[in-house]
$ cat input_11.txt   # compact mmCIF, C-alpha atoms
# COMPACT_ATOMS: atom_id res chain seq x y z
CA MET A 1 1.46 -12.65 9.34
CA ALA A 2 3.91 -15.03 7.69
CA ASP A 3 1.79 -18.02 8.69
CA PRO A 4 -0.63 -18.77 5.80
CA GLN A 5 -3.30 -20.17 8.10
CA ARG A 6 -3.22 -17.07 10.31
CA PHE A 7 -3.30 -14.87 7.24
CA ARG A 8 -6.40 -16.70 5.90
CA VAL A 9 -8.12 -16.20 9.26
CA LEU A 10 -7.32 -12.47 9.21
CA ALA A 11 -8.59 -12.24 5.62
CA ALA A 12 -11.86 -13.99 6.58
CA VAL A 13 -12.43 -11.45 9.34
CA ALA A 14 -11.58 -8.59 6.98
CA LEU A 15 -14.20 -9.99 4.59
CA GLY A 16 -16.89 -9.96 7.27
CA ALA A 17 -16.64 -13.13 9.37
CA THR A 18 -17.37 -12.24 12.99
CA ASP A 19 -17.35 -15.53 14.86
CA ARG A 20 -15.07 -18.56 14.82
CA GLU A 21 -17.51 -20.74 12.91
CA GLN A 22 -17.85 -18.19 10.09
CA ILE A 23 -14.08 -17.70 10.09
CA GLY A 24 -13.52 -21.44 9.73
CA THR A 25 -16.02 -21.69 6.89
CA MET A 26 -14.62 -18.70 4.99
CA SER A 27 -10.95 -19.48 5.57
CA GLY A 28 -11.00 -23.26 5.25
CA VAL A 29 -9.13 -23.55 8.55
CA ASP A 30 -10.24 -26.17 11.10
CA ALA A 31 -11.69 -25.12 14.49
CA ARG A 32 -8.43 -25.72 16.37
CA GLY A 33 -6.48 -23.64 13.84
CA VAL A 34 -9.07 -20.83 13.99
CA LEU A 35 -8.84 -20.75 17.79
CA ALA A 36 -5.03 -20.58 17.69
CA ALA A 37 -4.97 -17.97 14.94
CA THR A 38 -7.61 -15.69 16.48
CA SER A 39 -5.85 -15.88 19.86
CA ARG A 40 -2.52 -14.97 18.28
CA LEU A 41 -4.02 -12.16 16.18
CA GLU A 42 -5.84 -10.75 19.22
CA SER A 43 -2.66 -10.78 21.30
CA ALA A 44 -0.85 -9.01 18.45
CA GLY A 45 -3.55 -6.34 18.48
CA LEU A 46 -4.72 -7.05 14.93
CA LEU A 47 -8.14 -8.41 15.90
CA ALA A 48 -10.55 -6.59 18.18
CA GLY A 49 -14.05 -7.21 19.46
CA GLY A 50 -13.62 -10.75 20.74
CA PRO A 51 -15.50 -13.97 19.91
CA GLY A 52 -18.77 -13.37 18.08
CA ALA A 53 -17.80 -9.79 17.21
CA PHE A 54 -14.34 -10.09 15.66
CA ARG A 55 -13.14 -7.24 13.48
CA VAL A 56 -9.79 -6.26 12.05
CA ASP A 57 -8.03 -3.35 13.73
CA PHE A 58 -6.95 -1.71 10.48
CA PRO A 59 -4.87 1.10 12.07
CA ALA A 60 -2.86 -1.53 13.97
CA LEU A 61 -2.45 -3.58 10.79
CA ARG A 62 -1.32 -0.49 8.85
CA ASP A 63 1.22 0.36 11.58
CA LEU A 64 2.58 -3.18 11.53
CA VAL A 65 3.01 -3.13 7.76
CA ARG A 66 4.75 0.24 7.87
CA ARG A 67 7.13 -0.85 10.63
CA GLU A 68 8.08 -4.00 8.75
CA ALA A 69 8.48 -2.25 5.38
CA VAL A 70 10.79 0.56 6.51
CA PRO A 71 14.08 -1.44 6.64
CA ALA A 72 13.50 -2.78 3.12
CA ARG A 73 12.81 0.73 1.80
CA GLU A 74 15.97 2.07 3.43
CA ALA A 75 18.03 -0.83 2.07
CA LEU A 76 16.89 -0.10 -1.47
CA ALA A 77 17.51 3.62 -1.09
CA ASP A 78 21.26 3.15 -1.50
CA GLY A 79 22.34 3.72 -5.09
CA ASP A 80 23.58 0.20 -5.86
CA GLU A 81 20.27 -1.51 -5.26
CA LEU A 82 18.28 1.23 -6.99
CA ASP A 83 20.52 1.01 -10.08
CA ARG A 84 19.16 -2.48 -10.74
CA PHE A 85 15.79 -0.92 -11.56
CA VAL A 86 16.48 2.71 -12.49
CA ARG A 87 19.17 4.17 -14.71
CA ASP A 88 19.47 7.68 -16.18
CA ASP A 89 15.98 8.68 -15.04
CA ARG A 90 14.51 5.70 -16.87
CA LEU A 91 12.89 2.66 -15.40
CA ARG A 92 14.68 -0.52 -16.45
CA SER A 93 12.17 -2.83 -14.77
CA LEU A 94 9.73 -2.78 -11.92
CA PRO A 95 10.51 -5.11 -9.01
CA SER A 96 7.95 -7.77 -8.23
CA LYS A 97 8.68 -7.68 -4.49
CA ARG A 98 6.35 -5.11 -2.94
CA THR A 99 8.92 -3.43 -0.67
CA ARG A 100 11.41 -2.99 -3.50
CA ARG A 101 8.68 -1.80 -5.84
CA HIS A 102 7.64 0.74 -3.21
CA ALA A 103 11.18 2.09 -2.96
CA VAL A 104 11.49 2.44 -6.75
CA LEU A 105 8.10 4.16 -6.98
CA ALA A 106 9.02 6.46 -4.06
CA HIS A 107 12.18 7.45 -5.94
CA ILE A 108 10.15 8.22 -9.06
CA VAL A 109 7.63 10.30 -7.12
CA LYS A 110 10.35 12.17 -5.23
CA THR A 111 12.25 13.07 -8.39
CA SER A 112 9.29 13.74 -10.70
CA PHE A 113 6.41 15.21 -8.75
CA ASP A 114 6.51 18.43 -6.75
CA GLU A 115 5.07 18.17 -3.23
CA GLN A 116 3.05 21.36 -3.55
CA SER A 117 1.63 20.72 -7.03
CA ALA A 118 -1.43 18.96 -8.33
CA TYR A 119 -1.45 17.11 -11.65
CA ASP A 120 -4.21 16.08 -13.98
CA GLU A 121 -4.19 12.53 -15.31
CA LYS A 122 -2.65 13.59 -18.64
CA ALA A 123 0.32 15.21 -16.88
CA VAL A 124 0.84 12.15 -14.67
CA ASN A 125 0.71 9.91 -17.74
CA GLU A 126 3.30 12.04 -19.58
CA ILE A 127 5.71 11.89 -16.64
CA LEU A 128 5.27 8.16 -16.19
CA GLU A 129 5.53 7.46 -19.95
CA ARG A 130 9.00 9.08 -19.90
CA TRP A 131 10.01 6.82 -17.02
CA CYS A 132 8.63 3.71 -18.73
CA GLU A 133 10.03 4.38 -22.20
CA GLY A 134 11.85 1.28 -23.42
CA SER A 135 11.28 -0.72 -20.23
CA GLY A 136 8.17 -2.67 -21.14
CA VAL A 137 6.47 -1.37 -17.97
CA ASP A 138 3.00 0.02 -18.52
CA HIS A 139 2.61 3.64 -17.36
CA VAL A 140 -1.05 3.01 -16.44
CA ALA A 141 -0.02 0.20 -14.11
CA MET A 142 2.59 2.51 -12.60
CA ARG A 143 -0.07 5.16 -12.00
CA ARG A 144 -2.21 2.59 -10.18
CA TYR A 145 0.78 1.46 -8.13
CA LEU A 146 1.41 5.06 -7.01
CA ILE A 147 -2.10 5.13 -5.57
CA ASP A 148 -1.94 1.57 -4.19
CA HIS A 149 1.38 2.29 -2.47
CA GLN A 150 -0.11 5.52 -1.12
CA LEU A 151 2.61 7.67 -2.63
CA MET A 152 0.04 9.80 -4.42
CA PHE A 153 -3.65 10.32 -4.01
CA ARG A 154 -6.36 11.05 -6.53
CA VAL A 155 -9.47 13.14 -6.07
CA ARG A 156 -11.83 13.80 -8.99
CA GLY A 157 -9.14 13.08 -11.57
CA VAL A 158 -6.50 15.28 -9.92
CA TYR A 159 -3.34 13.70 -8.49
CA ALA A 160 -1.03 14.98 -5.76
CA ARG A 161 1.82 13.59 -3.68
CA THR A 162 1.04 12.30 -0.23
CA SER A 163 2.99 13.30 2.82
CA GLU A 164 4.85 10.75 4.92
CA THR A 165 1.68 10.12 6.89
CA LEU A 166 -1.48 8.99 5.22
CA PRO A 167 -4.24 11.56 5.00
CA ALA A 168 -7.16 11.02 7.32
CA PRO A 169 -10.52 10.38 5.68
CA GLY A 170 -11.63 13.61 4.00
CA ASP A 171 -8.16 15.21 4.12
CA ALA A 172 -7.60 14.69 0.41
CA GLU A 173 -10.84 16.45 -0.42
CA ARG A 174 -10.08 19.32 1.99
CA TYR A 175 -6.58 19.65 0.51
CA MET A 176 -7.92 19.79 -3.04
CA GLU A 177 -10.47 22.42 -1.99
CA ALA A 178 -7.78 24.45 -0.20
CA ILE A 179 -5.64 24.65 -3.33
CA GLY A 180 -8.66 25.62 -5.40
CA LEU A 181 -9.34 22.34 -7.19
CA ASP A 182 -12.72 21.49 -5.73
$ encode --input "input_11.txt" --output "structure tokens"
Amino acid sequence: MADPQRFRVLAAVALGATDREQIGTMSGVDARGVLAATSRLESAGLLAGGPGAFRVDFPALRDLVRREAVPAREALADGDELDRFVRDDRLRSLPSKRTRRHAVLAHIVKTSFDEQSAYDEKAVNEILERWCEGSGVDHVAMRRYLIDHQLMFRVRGVYARTSETLPAPGDAERYMEAIGLD
């Protein structure tokens, strides 16, 4: 995934290219590069379907990203690294590096949102505004990051923490119905 050419090929397939010619056109990678990249991505388990029917194996991609992100999250979890971004329950700044940002957001979620509770958007905003006070970080952007980083989910304007594993499609709706927020 660190190879830009391979990444462009994967992105082209994710955007709908199914054969090598379409992939080359969409990615701007020459035929030889497309062949090498698709072969490598197939052997890594990230592409399925084969020539003419390529598709991204999103569960495999998600697993790869999670495996690679875990050491960075654990490294940031120690107090010294976290202190660069958080002090006295206030956000000093938000890291630009995704893995560090994830760790900071996970800390905020863990310390501010109860696992068994649901929050309306106003309540989420109030909590995040307290964290962002004086930092120059926008609480609305933080709210979006919580969803993007899959630390919280939102259904019909109601927010809740996610568990360590991502909910399967429809689980969020079933959860909200089960706690009476349908």
$ atom_distance --input "input_11.txt" --atom1 "CA of Leu64 (chain A)" --atom2 "CA of Val29 (chain A)"
23.7 Å
$ residues_around --input "input_11.txt" --residues "Ser135 (chain A)" --least-positions-apart "3" --cutoff "8 Å" --atoms "all atoms listed in the file" --output "PyMOL selection string"
chain A and resi 90-93+132
$ atom_distance --input "input_11.txt" --atom1 "CA of Val13 (chain A)" --atom2 "CA of Arg154 (chain A)"
28.2 Å
$ closest_residue --input "input_11.txt" --among "A:Arg98, A:His107, A:Arg20, A:Arg156" --to "Glu121 (chain A)" --atoms "all atoms listed in the file"
A:Arg156
$ residues_around --input "input_11.txt" --residues "Leu46 (chain A)" --least-positions-apart "2" --cutoff "12 Å" --atoms "all atoms listed in the file" --output "PyMOL selection string"
chain A and resi 1+6-7+9-11+13-14+37-44+48-50+54-65
$ closest_residue --input "input_11.txt" --among "A:Arg101, A:Arg161, A:His149, A:Arg87" --to "Arg66 (chain A)" --atoms "all atoms listed in the file"
A:His149
$ residues_around --input "input_11.txt" --residues "Met152 (chain A)" --least-positions-apart "5" --cutoff "7 Å" --atoms "only C-alpha atoms" --output "list in words"
Leu146, Ile147, Tyr159, Ala160, Arg161 and Thr162 of chain A
$ atom_distance --input "input_11.txt" --atom1 "CA of Met142 (chain A)" --atom2 "CA of Arg67 (chain A)"
23.9 Å
$ closest_residue --input "input_11.txt" --among "A:Ala103, A:Asp120, A:Ile127, A:Arg143" --to "Val158 (chain A)" --atoms "only C-alpha atoms"
A:Asp120
$ closest_residue --input "input_11.txt" --among "A:Lys110, A:Gly45, A:Leu15, A:Arg8" --to "Gly28 (chain A)" --atoms "all atoms listed in the file"
A:Arg8
$ closest_residue --input "input_11.txt" --among "A:Ala118, A:Met26, A:Leu105, A:Leu128" --to "Asp148 (chain A)" --atoms "all atoms listed in the file"
A:Leu105
